[in-house]
Structures are given as structure tokens and as C-alpha cells.
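Trainee: My structure is below; once you've seen it, I'll send some questions.
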Amino acid sequence: MYSLLQTAAPAGPLPINDLLFVVVPYVVLAVFFSMTIWRYVKEKFSYSSYSSQFLENQHQFWGSVPWHYGILALVAGHLIGFLVPRGVLWWNSVPARLYIIEGAALIFGIITLIGLINLIVRRASNPRVRAVTSKMDVVVLVLLLLQVIGGLWVALTARWGSSWFAAVLAPYLWSLFTFQPDASAVAQLPWSIKLHILGAYAIFALFPFTRLVHVLVVPNHYLWRRFQVVMWNKRASKAE
Amino acid sequence: MNVRAQVSMVFHLDKCIGCHTCSIACKNIWTDRKGTEYMWFNNVETKPGTGYPTQWEDQSKYRGGWEVKGGRLRLKSTGKGRIITNIFHNPHLPTMDDYYEPWTYKYEDLFNAPAGTDQPTALPISKVTGEYIDIESGPNWDDDLGGSNIYAANDPNLKDVSEEQRQQLQAVERLVFFYFPRICNHCLNPACVASCPSGALYKRGEDGIVLINQKRCRAWRSCVAACPYKKTYYNWSTGKSEKCLLCYPRLETGQAPACFHSCVGRIRYLGLLLYDADRIDEIAKLPPEKLVEGQRDLILDPNDPNVIAAARKAGMPEQVIEFAQRSPVYQFVKVWKIALPPHIEYRTLPMLYYVPPLLPVLGSTANQVYENGVDAKAIFHAFDQQRVPMGYLASLFSVGDEAKIQYVLRKLVAVRTFKRAETVGDIPMAVALEALKLADTTEAEVEDIYRMTSLPTFAQRFVIPPMHREEAIEAFKDPQDHKREVGFGFTASPKRGL
């Protein structure tokens with residue numbers, strides 16, 4: 001928080017920009033890590049994807065499948081921009097390659113939105129699915145919808161996202177993760193992008209309290225474990 | 001040789017009266033909670049019939065069990081690679097409509113209705129949504145409907161039966177059905193365990209009971225699709241799958257599982273089988289016609305000194321070996337060879353065996369006199385004239401091999417013929433002895449079968465070994481400490497969400 005102290009320490013209130021883009025993310029990270037771990041240790045039974053496919057099978061396909069593939073691609077895109085910003089800028093130096101990556105991102109964004117709208121319509125219209133809908137599910141769906149629409153809005157209005165994300169937001173995020181927060185660049189961004197960033201913080205903050213925790217327990221070890229699982233209370237040593 | 005013990009079961013279908021007492025005993029203990037109303041860990045089906053969930057045996061729809069591809073066992077539904085594409089939407093998952101939507105009645109309407117000239121009624125409401133529903137199906141909706149052209153005619157086992165025989169099954173004179181009680185088979189090669197992406201399902205090493213760790217289940221739903229017997233169920237309320245646990249808390253304290261204990265017809269037997277765990281994969285891959293023999297071959301003779309030595313080497317307690325030697329299941333399956341596994345072509349190596357039923361023969365009426373159409377000397381019907389086609393039973397219990405069913409039925413007839421000749425005497429002993437010879441059995445064996453089938457005591461039907469699980473736990477933790485710290489273990493209420 002060195003730069004924050006430098007700019008805001010003498011007197012007066014904390015600039016709103018630093019509050020939203022420096023203080024908030026640290027609070028969000030603290031909540032995210034402490035609460036997901038607490039929930040995993042203390043409320044393990046509640047870690048579930050709470051699938052409702054059993055109650056409704058047809059509409060679920062057109063919601064869940066496009067939503068998950070779309071959001072995975074989009075999250076992967078954001079992650080690549082964050083991890084290898086220089087690589088992205090190099091890739092984008094040729095216009096044709098820039099159009100490919102921007103076009104693909106837009107298509108995945110639309111797929112995601114279609115999936116999400118299907119999921120929301122399904123949840124609202126099917127009485128069985130409504131019966132297993134909690135308040136938190138509604139909050140999550142509304143937040144995700146706003147976030148996806150906001151993301152699409154940003155993609156369409158603030159060109160070219162893949163380039164300025166790598167140039168402006170990746171350094172900002174790195175400054176957060178290296179504990180040398182510098183939000184000055186974010187202050188210059190249009191309000192639509194700021195909202196999108198804040199939306200992401202809201203989702204991360206609520207994450208531990210919702211069904212989204214299923215993301216953390218994706219069953220990757222299944223791919224290399226043996227098919228059969230046998231458990232013994234005490235495996236008697238064969239030498240005996 | 002890797003000797004393991006498996007708590008195994010035999011259901012004697014000739015003795016099942018279809019009273020559903022087993023189902024109720026189970027339901028009252030395990031599945032009377034929200035989200036489990038539709039689950040029947042134990043259910044009793046009428047066969048021929050479509051069963052529960054509807055047409056569960058039709059694996060072209062449900063894709064349960066294993067298949068052999070390129071010399072390797074592969075799950076028919078969601079296997080290793082396909083989990084990535086199927087996790088968001090499992091294409092083979094049955095939905096609630098394949099079972100039934102549970103309901104109750106609006107009983108308060110009976111009390112709150114305004115006074116009038118008509119009787120108030122309690123309308124059915126869904127236990128999922130709470131809204132009024134039209135009941136379209138329920139547990140045992142096809143109970144006793146043998147001959148029905150909606151239920152019996154759509155039994156997947158009739159697929160290989162000739163069109164003529166299928167037509168005959170619906171004729172009034174040929175109406176026939178028997179009961180088929182089903183619980184989890186606690187398979188040796190369980191597809192549910194193999195399919196679980198989270199590794200929440202596991203087989204207990206000591207007794208082979210297949211369980212679901214409720215804290216590791218994440219509702220990926222693969223087990224429901226993978227179990228060809230549809231004996232894992234998804235709890236739509238808690239977001240966790242649940243299944244028959246063979247009443248392990250009862251077994252561990254020496255009591256028979258609730259469905260076994262309550263069985264009115266005393267059709268159920270429970271005991272240990274020893275098997276060679278190293279050969280599971282090899283046996284499960286055998287060509288279909290060799291599966292029944294192969295699985296029998298997998299089971300080891302608990303009196304064989306080599307097996308005993310190997311069992312001791314594997315750390316099996318002495319008492320467990322002793323109980324395996326007294327197992328009634330071993331007698332039925334391996335010695336008498338009259339109990340067969342259901343649908344072993346699913347390749348899960350089920351450890352619940354069935355003694356196929358002797359069904360009534362087709363009668364005829366001549367000059368107003370009913371003839372049972374069989375040589376009078378035989379008295380007990382000739383099984384090749386059974387009303388239900390032999391191919392039907394073969395489809396259920398022997399991968400279509402009628403000879404294996406005939407072998408069992410011949411022996412069952414031989415037991416009856418011999419005992420009748422002995423006790424009533426209206427059949428000449430010579431005829432009875434000929435029946436024994438035909439059935440590849442001896443007087444001593446027939447006597448044993450008779451005693452175990454007709455006169456067994458509680459302790460003979462259920463030979464429940466002390467599995468020493470408690471002692472095994474003591475190696476890690478003092479039971480008194482454990483009790484003080486966590487009581488019965490799972491103390492959080494199994495509710496949905498945080």
C-alpha cells in the first residue's frame with residue numbers, strides 16, 4: 001500500500017478511486033480466501049454443484065452447456081491477459097490476429113449470455129426448479145447477468161479490450177497481487193469498465209456463500225485415478 | 001491370490017409373496033426425508049413389467065454398466081474422457097419423471113372445508129413444488145399387472161422373446177407374473193464407484209459394502225447414470241446422491257439389514273463370499289456367455305486350505321474365514337448352483353443372487369374339467385411348459401442362456417419331487433430318483449436345499465460375521481475419545497446450501 005499511503009496519507013478523505021480499486025479488492029480477497037476455506041473445513045456437506053438436471057432435463061441443456069463453455073473460455077481469456085500481457089500485445093500487433101481474438105471473445109460472450117438467459121428463464125418458469133431455488137441463487141444469477149451484459153457492453157464500446165486489458169488492467173492487477181497497489185491507471189478508464197471490475201469484486205466476495213464454490217472442487221483427479229476406490233479401516237500388512 | 005470378503009445375498013424368488021414389507025422397513029429407516037421421498041433403496045417389482053425407474057433395464061436409453069472396447073472395460077455412460085463434456089449436462093441421467101413425482105394430500109382441506117352437502121376431499125399435492133398435481137405414476141404403479149399391454153408388454157427382457165410368445169403372454173389364460181425384489185447389488189466391479197468424478201463413492205475393503213461419502217459428493221450425477229440397476233439416487237434437495245448402505249450400522253452390530261429382517265416370505269439370505277480381487281478385471285471382461293460361470297469361478301472355496309492361507313496372509317480375521325465357511329450364500333451360489341446374478345451382462349459383477357422362480361404351467365379345460373396339461377405323474381409342472389417363456393428368465397439371470405435356467409429349475413423340481421415321494425408318497429420313489437439324476441443332484445444335496453429353503457432358522461439365513469471394523473478403528477483412535485469428540489460422527493443437519 002506504499003503508493004496509497006503516499007498519495008492519501010497527509011490529510012483529507014481517501015480518494016474514492018483508491019477506496020474502490022485498492023481497499024475493496026483486498027477486503028474481497030480476504031473474504032474470499034477465509035470464507036471458502038472455512039466453508040470447506042466446517043461446512044463440507046454444503047460443497048455441491050446443486051444440480052437440478054434431475055428435476056428438469058431439456059431446458060437445462062440449452063442453459064448449462066453454453067453457459068459453462070462460454071464462461072470458461074471468457075475466464076481463460078481474462079486469465080491469459082493477466083498472466084502474459086506482453087504475449088497478448090505481441091499477438092495483437094498484427095490486425096488480423098487482433099480481430100480473431102476479439103471476434104472469438106465476442107462470440108463466447110454471446111454464447112455465455114444465451115446460456116445464462118436460458119438458465120434464468122428455466123429457474124423462473126419451471127415450478128420444480130423454482131422449488132430448489134434459494135435467495136442466494138437469485139442474487140448470483142442477477143449478478144452474473146449484469147456482469148455478462150456489462151462485459152459485452154465493454155467489449156463493444158471500448159475497443160480493443162484485449163489490448164488495453166493487457167496494457168492497463170494487467171499491471172493494475174499485478175500491483176494488487178504484489179502488494180504495491182497502484183490504481184491510478186484505473187481512474188482514467190470509462191465508467192463501464194469500472195463497473196465491470198467492481199462487478200467482478202462483488203462476485204468474488206459473494207462466491208464463498210453461494211453454490212459457486214463448486215468451481216473449486218472440479219474433479220480433476222478423476223482423470224488419473226484408478227476406476228475403483230476401495231477403502232480399508234486398517235490395511236493389514238501383508239508381511240504379517 | 002488377493003482374498004477379500006464380500007457380504008453377499010441370495011433372494012429366493014419362489015418364496016417372495018410381493019408384500020413390500022421390505023420396502024417399507026427400508027423407507028421408514030432411510031428415505032423418509034425431504035429429497036428422498038421418491039427413493040426406494042429396496043423396491044419390489046412385478047415381472048414381466050417395466051420396473052422402477054421405468055424400463056431401467058433398457059440400457060440403450062440409460063447407458064448403465066460397462067462395455068468391452070478394444071479389450072478394455074469402459075463405462076457405457078460417462079467415463080474418464082467424457083466427464084469433461086458431460087459434466088454440465090449428463091445425457092443419460094434419468095429425471096424425476098422416470099421415477100415418479102412424490103406427493104401427499106392436502107389433508108387440512110378435510111377439516112377446513114365449509115359445511116356443505118358434499119364430502120370434502122383431500123387433493124394430491126406435489127412434495128417437490130407443493131402445487132396440485134395429477135398423479136401419473138408412483139412406486140409399484142404396475143404392481144401385479146402381469147399381462148398388461150402397457151406395463152408387462154414393455155418389459156425390456158421380452159426383447160429376445162418371439163413375437164408369438166409375447167402375444168401369448170397377454171392372453172388371459174397365460175397371464176403370469178412373479179416378484180423381483182431389488183436392492184443395491186454391492187457389486188465387485190461397481191460402475192457407480194468407477195464413474196464418480198469426486199471419488200465420493202467407495203467400496204469398503206472389509207465387507208465390500210458400497211457407500212457414498214456425503215461430504216465428498218458434489219452432485220456431478222455420474223453414478224446415477226452409470227449404475228445399470230439404477231440403485232443410486234440423486235437427492236434433489238441436499239444436492240447429494242444416496243444409495244442402499246446394506247444397513248451397515250445394523251450389520252456391524254450383528255443384526256440383519258432391515259429389509260432382510262422384516263422379510264415375511266423369508267426369501268432372503270445373507271452371508272460372506274470370499275473372492276479373488278486380482279481377477280475382477282479379467283472376469284468382468286469375459287464374453288457374455290462365459291460371465292455367469294466366470295463370476296462363479298471368481299468365488300473361492302472357504303474350506304480350501306490354500307484359500308484359507310491366502311486369506312490369513314491378507315490379514316483376514318479368523319472369525320471372518322469361519323463365518324465364510326458357514327455362509328448360506330456360498331451354498332446357493334457355488335455348491336448347489338441354483339442362485340444366479342441378475343443381468344450380469346452389465347459387467348458389474350453383482351453380489352446379490354436370485355433363485356429363479358418356478359412358474360405355473362398353462363392349464364387347459366377339456367369337458368369342463370381343468371387339466372394342468374402335464375403328465376399326471378409329474379405333479380409338479382414341467383418347467384418347459386411354464387407360462388413365462390424360458391427366454392425371459394434367461395434374459396434376466398443368465399445372459400440369454402436358457403440351459404442355465406433349466407439347470408436350476410430342474411433341481412428345484414427334483415427337490416419337490418423327492419420330498420413329495422418321501423413324505424406324501426403319491427409319487428413313486430423311482431420317479432423321484434430319476435428326477436434327481438436328471439437334475440445332476442443327490443439325495444443329500446436335495447435334503448440340504450430343502451432344509452435351507454423351507455426350514456431355515458434366523459441364524460441360518462443370516463450368517464453375519466463380526467467384521468472387526470470397530471477393532472480396526474481402535475488402532476487409530478480410542479473409541480471413548482472418538483465418542484466424546486464427535487458422537488455418532490455426522491452431526492450437522494443434512495440441509496441444502498450454507
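Please note that chains go A, B, ... in the order of the C-alpha cells, that every chain numbers its residues from 1, and that ligands are numbered from 1 in the order shown.
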Would you pick out the contacts of region 277-290 of chain B at 8 Å or less, using only C-alpha atoms, so that residues sharing its chain but fewer than 2 positions from it are not included, and give the list as a VMD selection string?
Mentor: chain B and resid 1 to 4 68 71 to 73 188 to 189 275 292 to 295 298 345 347 to 349 399 401
Trainee: Which residues of chain A come within 8 Å of chain B, and what is each one's closest atom pair and distance in Å (one decimal), counting only C-alpha atoms, sorted by chain and residue number, as CSV?
Mentor:
residue,atom,partner,partner_atom,distance
A:Glu43,CA,B:Leu498,CA,7.3
A:Lys44,CA,B:Lys215,CA,5.5
A:Phe45,CA,B:Lys215,CA,4.5
A:Ser46,CA,B:Gly497,CA,5.2
A:Tyr47,CA,B:Arg218,CA,6.4
A:Ser48,CA,B:Arg218,CA,4.1
A:Ser49,CA,B:Arg218,CA,5.7
A:Tyr50,CA,B:Gly239,CA,4.6
A:Ser51,CA,B:Ala219,CA,6.0
A:Ser52,CA,B:Trp236,CA,6.8
A:Gln53,CA,B:Thr95,CA,7.3
A:Phe54,CA,B:Thr95,CA,4.5
A:Leu55,CA,B:Met96,CA,5.7
A:Glu56,CA,B:Thr95,CA,6.9
A:Asn57,CA,B:Thr95,CA,6.7
A:Gln60,CA,B:His89,CA,7.3
A:Phe61,CA,B:His89,CA,5.8
A:Ser64,CA,B:Phe88,CA,5.9
A:Val65,CA,B:Phe88,CA,5.6
A:His68,CA,B:Phe88,CA,7.0
A:Pro127,CA,B:Thr129,CA,6.1
A:Arg128,CA,B:Thr129,CA,5.5
A:Arg130,CA,B:Thr129,CA,7.9
A:Ala131,CA,B:Thr129,CA,5.5
A:Val132,CA,B:Ser237,CA,6.7
A:Phe209,CA,B:Leu498,CA,6.7
A:Thr210,CA,B:Leu498,CA,7.5
A:Arg211,CA,B:Gly497,CA,7.3
A:His214,CA,B:Arg218,CA,7.3
A:Val217,CA,B:Arg218,CA,7.9
A:Val218,CA,B:Ser198,CA,7.9
A:Pro219,CA,B:Ser198,CA,5.2
A:Asn220,CA,B:Pro197,CA,7.7
A:His221,CA,B:Pro197,CA,7.7
A:Tyr222,CA,B:Pro197,CA,5.0
A:Leu223,CA,B:Lys80,CA,5.6
A:Arg226,CA,B:Ala194,CA,7.9
A:Phe227,CA,B:Ala194,CA,4.4
A:Gln228,CA,B:Ala194,CA,5.1
A:Val229,CA,B:Tyr202,CA,4.9
A:Val230,CA,B:Lys203,CA,4.7
A:Met231,CA,B:Arg204,CA,5.0
A:Trp232,CA,B:Gly205,CA,4.8
A:Asn233,CA,B:Ala472,CA,5.8
A:Lys234,CA,B:Ala472,CA,5.5
A:Ala236,CA,B:Gly315,CA,5.2
A:Ser237,CA,B:Gly315,CA,7.1
A:Lys238,CA,B:Ala314,CA,5.6
A:Ala239,CA,B:Lys313,CA,7.4
A:Glu240,CA,B:Lys313,CA,6.7
Trainee: Save out the residues we just selected, N, CA and C atoms, as a compact mmCIF listing (two decimals), in the first residue's frame.
Mentor:
# COMPACT_ATOMS: atom_id res chain seq x y z
N GLU A 43 -18.13 -26.70 6.78
CA GLU A 43 -19.43 -26.98 6.15
C GLU A 43 -19.23 -27.78 4.86
N LYS A 44 -18.45 -28.84 4.97
CA LYS A 44 -18.09 -29.59 3.77
C LYS A 44 -19.32 -30.15 3.06
N PHE A 45 -20.32 -30.52 3.84
CA PHE A 45 -21.52 -31.09 3.26
C PHE A 45 -22.18 -30.13 2.27
N SER A 46 -21.97 -28.82 2.47
CA SER A 46 -22.63 -27.84 1.61
C SER A 46 -21.86 -27.58 0.31
N TYR A 47 -20.69 -28.20 0.14
CA TYR A 47 -19.96 -28.05 -1.12
C TYR A 47 -20.60 -28.96 -2.17
N SER A 48 -21.39 -28.37 -3.02
CA SER A 48 -22.05 -29.16 -4.06
C SER A 48 -22.41 -28.24 -5.21
N SER A 49 -22.57 -28.83 -6.39
CA SER A 49 -22.99 -28.00 -7.53
C SER A 49 -24.50 -27.81 -7.52
N TYR A 50 -25.21 -28.53 -6.64
CA TYR A 50 -26.67 -28.44 -6.54
C TYR A 50 -27.35 -28.54 -7.90
N SER A 51 -26.91 -29.51 -8.67
CA SER A 51 -27.50 -29.69 -9.99
C SER A 51 -29.00 -29.91 -9.88
N SER A 52 -29.74 -29.29 -10.80
CA SER A 52 -31.18 -29.53 -10.84
C SER A 52 -31.57 -30.25 -12.12
N GLN A 53 -30.58 -30.86 -12.78
CA GLN A 53 -30.88 -31.58 -14.02
C GLN A 53 -31.88 -32.70 -13.77
N PHE A 54 -31.81 -33.29 -12.57
CA PHE A 54 -32.72 -34.38 -12.24
C PHE A 54 -34.18 -33.92 -12.28
N LEU A 55 -34.41 -32.65 -11.98
CA LEU A 55 -35.79 -32.15 -11.93
C LEU A 55 -36.27 -31.66 -13.29
N GLU A 56 -35.33 -31.21 -14.11
CA GLU A 56 -35.70 -30.70 -15.44
C GLU A 56 -34.50 -30.90 -16.36
N ASN A 57 -34.73 -31.57 -17.47
CA ASN A 57 -33.63 -32.11 -18.26
C ASN A 57 -33.40 -31.42 -19.60
N GLN A 60 -32.39 -27.45 -19.37
CA GLN A 60 -31.11 -27.41 -18.68
C GLN A 60 -29.95 -27.48 -19.68
N PHE A 61 -30.12 -28.31 -20.71
CA PHE A 61 -29.06 -28.47 -21.70
C PHE A 61 -28.72 -27.14 -22.37
N SER A 64 -27.18 -24.73 -19.26
CA SER A 64 -25.94 -25.11 -18.59
C SER A 64 -24.76 -25.26 -19.56
N VAL A 65 -24.98 -25.90 -20.69
CA VAL A 65 -23.86 -26.19 -21.59
C VAL A 65 -23.27 -24.92 -22.20
N HIS A 68 -21.57 -22.77 -19.39
CA HIS A 68 -20.30 -23.23 -18.83
C HIS A 68 -19.16 -23.12 -19.84
N PRO A 127 -41.66 -24.97 -12.17
CA PRO A 127 -42.02 -25.00 -10.75
C PRO A 127 -41.08 -25.88 -9.91
N ARG A 128 -40.63 -27.01 -10.50
CA ARG A 128 -39.74 -27.89 -9.74
C ARG A 128 -38.40 -27.21 -9.46
N ARG A 130 -37.89 -24.03 -9.44
CA ARG A 130 -38.14 -22.91 -8.53
C ARG A 130 -38.14 -23.39 -7.08
N ALA A 131 -38.63 -24.61 -6.89
CA ALA A 131 -38.72 -25.14 -5.52
C ALA A 131 -37.34 -25.34 -4.89
N VAL A 132 -36.29 -25.48 -5.70
CA VAL A 132 -34.95 -25.66 -5.14
C VAL A 132 -34.09 -24.42 -5.35
N PHE A 209 -20.25 -17.84 -0.30
CA PHE A 209 -21.56 -18.05 0.34
C PHE A 209 -22.58 -18.62 -0.63
N THR A 210 -22.15 -18.93 -1.83
CA THR A 210 -23.10 -19.38 -2.85
C THR A 210 -22.71 -20.75 -3.38
N ARG A 211 -23.52 -21.25 -4.31
CA ARG A 211 -23.22 -22.53 -4.94
C ARG A 211 -22.01 -22.44 -5.87
N HIS A 214 -18.66 -24.70 -6.15
CA HIS A 214 -18.41 -25.95 -6.88
C HIS A 214 -17.26 -25.81 -7.88
N VAL A 217 -14.06 -27.28 -6.55
CA VAL A 217 -13.92 -28.73 -6.34
C VAL A 217 -14.14 -29.49 -7.64
N VAL A 218 -13.74 -28.88 -8.75
CA VAL A 218 -13.84 -29.61 -10.02
C VAL A 218 -13.03 -30.89 -9.91
N PRO A 219 -13.59 -31.98 -10.37
CA PRO A 219 -12.99 -33.29 -10.11
C PRO A 219 -11.85 -33.62 -11.06
N ASN A 220 -10.80 -32.84 -11.02
CA ASN A 220 -9.71 -33.09 -11.99
C ASN A 220 -8.98 -34.41 -11.72
N HIS A 221 -8.91 -34.83 -10.44
CA HIS A 221 -8.13 -36.04 -10.16
C HIS A 221 -8.78 -37.29 -10.75
N TYR A 222 -10.04 -37.19 -11.15
CA TYR A 222 -10.71 -38.35 -11.74
C TYR A 222 -9.98 -38.84 -12.98
N LEU A 223 -9.38 -37.89 -13.70
CA LEU A 223 -8.76 -38.24 -14.98
C LEU A 223 -7.58 -39.20 -14.79
N ARG A 226 -7.44 -44.45 -10.37
CA ARG A 226 -7.96 -45.75 -10.79
C ARG A 226 -9.48 -45.71 -10.74
N PHE A 227 -10.11 -46.55 -11.56
CA PHE A 227 -11.57 -46.57 -11.59
C PHE A 227 -12.16 -46.90 -10.22
N GLN A 228 -11.67 -47.98 -9.63
CA GLN A 228 -12.31 -48.46 -8.40
C GLN A 228 -11.64 -47.87 -7.16
N VAL A 229 -12.48 -47.52 -6.19
CA VAL A 229 -11.98 -46.97 -4.93
C VAL A 229 -12.35 -47.97 -3.82
N VAL A 230 -11.35 -48.49 -3.15
CA VAL A 230 -11.60 -49.42 -2.04
C VAL A 230 -10.98 -48.79 -0.79
N MET A 231 -11.76 -48.73 0.28
CA MET A 231 -11.25 -48.11 1.50
C MET A 231 -11.23 -49.11 2.65
N TRP A 232 -10.13 -49.14 3.33
CA TRP A 232 -9.97 -50.04 4.48
C TRP A 232 -9.85 -49.20 5.74
N ASN A 233 -10.39 -49.74 6.81
CA ASN A 233 -10.16 -49.08 8.09
C ASN A 233 -8.70 -49.19 8.47
N LYS A 234 -8.21 -50.41 8.34
CA LYS A 234 -6.80 -50.63 8.64
C LYS A 234 -6.29 -51.63 7.63
N ALA A 236 -4.19 -54.27 6.72
CA ALA A 236 -3.28 -55.17 7.42
C ALA A 236 -2.03 -55.37 6.58
N SER A 237 -0.89 -55.34 7.20
CA SER A 237 0.34 -55.50 6.43
C SER A 237 0.43 -56.94 5.95
N LYS A 238 0.82 -57.09 4.70
CA LYS A 238 0.82 -58.41 4.09
C LYS A 238 1.93 -59.28 4.66
N ALA A 239 2.90 -58.66 5.26
CA ALA A 239 4.03 -59.43 5.77
C ALA A 239 3.65 -60.25 7.00
N GLU A 240 2.62 -59.83 7.70
CA GLU A 240 2.25 -60.49 8.94
C GLU A 240 1.98 -61.97 8.77
Trainee: As a short mmCIF file (atom, residue, chain, number, x, y, z; two decimals) with C-alpha atoms, in the first residue's frame, list the residues of region 54-186 of chain B assigned to helix (DSSP H, G or I) by DSSP on the backbone atoms of this structure.
Mentor:
data_model
loop_
_atom_site.label_atom_id
_atom_site.label_comp_id
_atom_site.auth_asym_id
_atom_site.auth_seq_id
_atom_site.Cartn_x
_atom_site.Cartn_y
_atom_site.Cartn_z
CA GLN B 59 -29.53 -49.71 -21.43
CA SER B 60 -29.91 -48.27 -24.92
CA LYS B 61 -31.67 -45.44 -23.09
CA TYR B 62 -29.91 -45.29 -19.72
CA ILE B 83 -16.67 -36.43 -17.99
CA ILE B 84 -15.31 -33.17 -19.38
CA THR B 85 -18.10 -32.88 -21.91
CA ASN B 86 -20.85 -34.49 -19.85
CA MET B 96 -37.73 -37.48 -11.77
CA ASP B 97 -40.34 -38.33 -14.41
CA ASP B 98 -38.60 -41.67 -15.00
CA TYR B 99 -39.27 -42.49 -11.34
CA GLU B 108 -56.21 -29.88 6.08
CA ASP B 109 -58.91 -29.35 3.44
CA LEU B 110 -60.84 -32.16 5.12
CA PHE B 111 -61.05 -30.07 8.28
CA ASN B 112 -61.20 -26.55 6.87
CA ALA B 152 -45.81 -56.18 -18.93
CA ALA B 153 -45.64 -55.88 -22.72
CA ASN B 154 -42.96 -53.18 -22.50
CA PRO B 156 -37.13 -54.85 -21.91
CA ASN B 157 -36.47 -58.54 -21.17
CA LEU B 158 -39.07 -59.53 -23.74
CA LYS B 159 -36.87 -58.13 -26.49
CA ASP B 160 -35.47 -61.54 -27.43
CA GLU B 163 -43.49 -62.21 -31.14
CA GLU B 164 -45.81 -65.22 -30.81
CA GLN B 165 -44.78 -65.80 -27.21
CA ARG B 166 -45.18 -62.12 -26.41
CA GLN B 167 -48.72 -62.21 -27.73
CA GLN B 168 -49.45 -65.32 -25.69
CA LEU B 169 -48.25 -63.61 -22.51
CA VAL B 172 -55.94 -64.25 -20.22
CA GLU B 173 -55.16 -67.95 -19.86
CA ARG B 174 -51.45 -67.27 -19.81
#
Trainee: For the strand (DSSP E or B) assignment from backbone DSSP, which residues of region 129-185 of chain B qualify? Please present them as an MDAnalysis selection string.
Mentor: chainID B and resid 132 178:182
Trainee: I need the residues from that last selection saved to file as a compact mmCIF listing (two decimals), in the first residue's frame (with N, CA and C atoms), if you can.
Mentor:
# COMPACT_ATOMS: atom_id res chain seq x y z
N TYR B 132 -50.75 -28.48 -6.72
CA TYR B 132 -51.62 -29.61 -7.05
C TYR B 132 -51.02 -30.38 -8.22
N PHE B 178 -44.29 -62.69 -11.53
CA PHE B 178 -43.62 -63.01 -10.27
C PHE B 178 -42.99 -61.73 -9.75
N TYR B 179 -42.53 -61.80 -8.52
CA TYR B 179 -41.98 -60.59 -7.91
C TYR B 179 -40.47 -60.61 -7.94
N PHE B 180 -39.92 -59.42 -8.09
CA PHE B 180 -38.49 -59.26 -8.27
C PHE B 180 -38.02 -58.16 -7.30
N PRO B 181 -37.71 -58.53 -6.05
CA PRO B 181 -37.25 -57.51 -5.10
C PRO B 181 -35.83 -57.11 -5.43
N ARG B 182 -35.56 -55.81 -5.35
CA ARG B 182 -34.23 -55.33 -5.73
C ARG B 182 -33.66 -54.39 -4.69
Trainee: Let me make sure I understand: among B:Trp66, B:Thr21, B:Asp134, B:Tyr107, which one has the smallest atom-to-atom distance to Ala122 (chain B) if we use only C-alpha atoms?
Mentor: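 Going through B:Trp66, B:Thr21, B:Asp134, B:Tyr107 one by one, the smallest distance to Ala122 (chain B) is for B:Tyr107.
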Trainee: Pick from B:Ala25, B:Cys16, B:Ala113, B:Met9: nearest to His261 (chain B), with only C-alpha atoms counted?
Mentor: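 Closest residue, counting only C-alpha atoms: B:Ala25.
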Trainee: Would you list the contacts of Phe397 (chain B) as a list in words, taking every protein, DNA or RNA residue within 7 Å and counting only C-alpha atoms, but skipping same-chain residues closer than 2 positions in sequence?
Mentor: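 Those residues are Leu340, Pro341, Pro342, His343, Leu393, Ala394, Ser395 and Val399 of chain B.
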Trainee: Restricted to C-alpha atoms, what would the selected residues look like written as an mmCIF file, in the first residue's frame?
Mentor:
data_model
loop_
_atom_site.group_PDB
_atom_site.id
_atom_site.type_symbol
_atom_site.label_atom_id
_atom_site.label_comp_id
_atom_site.auth_asym_id
_atom_site.auth_seq_id
_atom_site.Cartn_x
_atom_site.Cartn_y
_atom_site.Cartn_z
ATOM 1 C CA LEU B 340 -27.836 -66.640 -10.471
ATOM 2 C CA PRO B 341 -26.770 -62.985 -10.722
ATOM 3 C CA PRO B 342 -29.219 -60.510 -12.308
ATOM 4 C CA HIS B 343 -28.197 -59.081 -15.673
ATOM 5 C CA LEU B 393 -35.917 -65.732 -17.265
ATOM 6 C CA ALA B 394 -32.706 -66.296 -19.198
ATOM 7 C CA SER B 395 -32.649 -62.625 -20.181
ATOM 8 C CA VAL B 399 -27.485 -63.517 -20.415
#
Trainee: Calculate how many Å separate CA of Ser137 (chain B) from CA of Pro48 (chain B), rounding to one decimal.
Mentor: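 Interatomic distance, CA of Ser137 (chain B) to CA of Pro48 (chain B): 17.4 Å.
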Trainee: Name the residues in contact with Ile299 (chain B) at a cut-off of 7 Å, using only C-alpha atoms, excluding same-chain residues fewer than 2 positions from it; report them as a list in words.
Mentor: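 Listing them by chain and then by number gives Leu273, Leu274, Tyr275, Asp276, Gln295, Arg296, Asp297 and Asp301 of chain B.
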Trainee: Keeping only N, CA and C atoms, write the selected residues as a PDB file, in the first residue's frame.
Mentor:
ATOM      1  N   LEU B 273     -19.020 -64.162   0.972  1.00  0.00           N
ATOM      2  CA  LEU B 273     -18.351 -64.900  -0.098  1.00  0.00           C
ATOM      3  C   LEU B 273     -16.909 -64.409  -0.120  1.00  0.00           C
ATOM      4  N   LEU B 274     -15.979 -65.326  -0.275  1.00  0.00           N
ATOM      5  CA  LEU B 274     -14.591 -64.929  -0.463  1.00  0.00           C
ATOM      6  C   LEU B 274     -14.312 -64.921  -1.963  1.00  0.00           C
ATOM      7  N   TYR B 275     -13.565 -63.939  -2.413  1.00  0.00           N
ATOM      8  CA  TYR B 275     -13.249 -63.881  -3.842  1.00  0.00           C
ATOM      9  C   TYR B 275     -11.841 -63.385  -4.040  1.00  0.00           C
ATOM     10  N   ASP B 276     -11.369 -63.579  -5.266  1.00  0.00           N
ATOM     11  CA  ASP B 276     -10.011 -63.175  -5.613  1.00  0.00           C
ATOM     12  C   ASP B 276     -10.060 -61.817  -6.310  1.00  0.00           C
ATOM     13  N   GLN B 295     -18.049 -65.585 -13.046  1.00  0.00           N
ATOM     14  CA  GLN B 295     -18.248 -64.995 -11.726  1.00  0.00           C
ATOM     15  C   GLN B 295     -18.274 -66.083 -10.649  1.00  0.00           C
ATOM     16  N   ARG B 296     -18.858 -67.230 -10.984  1.00  0.00           N
ATOM     17  CA  ARG B 296     -18.885 -68.333 -10.013  1.00  0.00           C
ATOM     18  C   ARG B 296     -17.454 -68.794  -9.721  1.00  0.00           C
ATOM     19  N   ASP B 297     -16.656 -68.740 -10.774  1.00  0.00           N
ATOM     20  CA  ASP B 297     -15.264 -69.173 -10.666  1.00  0.00           C
ATOM     21  C   ASP B 297     -14.451 -68.208  -9.798  1.00  0.00           C
ATOM     22  N   ASP B 301     -13.394 -71.154  -2.581  1.00  0.00           N
ATOM     23  CA  ASP B 301     -13.891 -72.136  -1.613  1.00  0.00           C
ATOM     24  C   ASP B 301     -13.295 -71.825  -0.238  1.00  0.00           C
TER      25      ASP B 301
END
Trainee: What does the distance between CA of Ile114 (chain A) and CA of Arg97 (chain A) come to in Å, to one decimal place?
Mentor: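 Atom-to-atom, CA of Ile114 (chain A) to CA of Arg97 (chain A), that is 25.9 Å.
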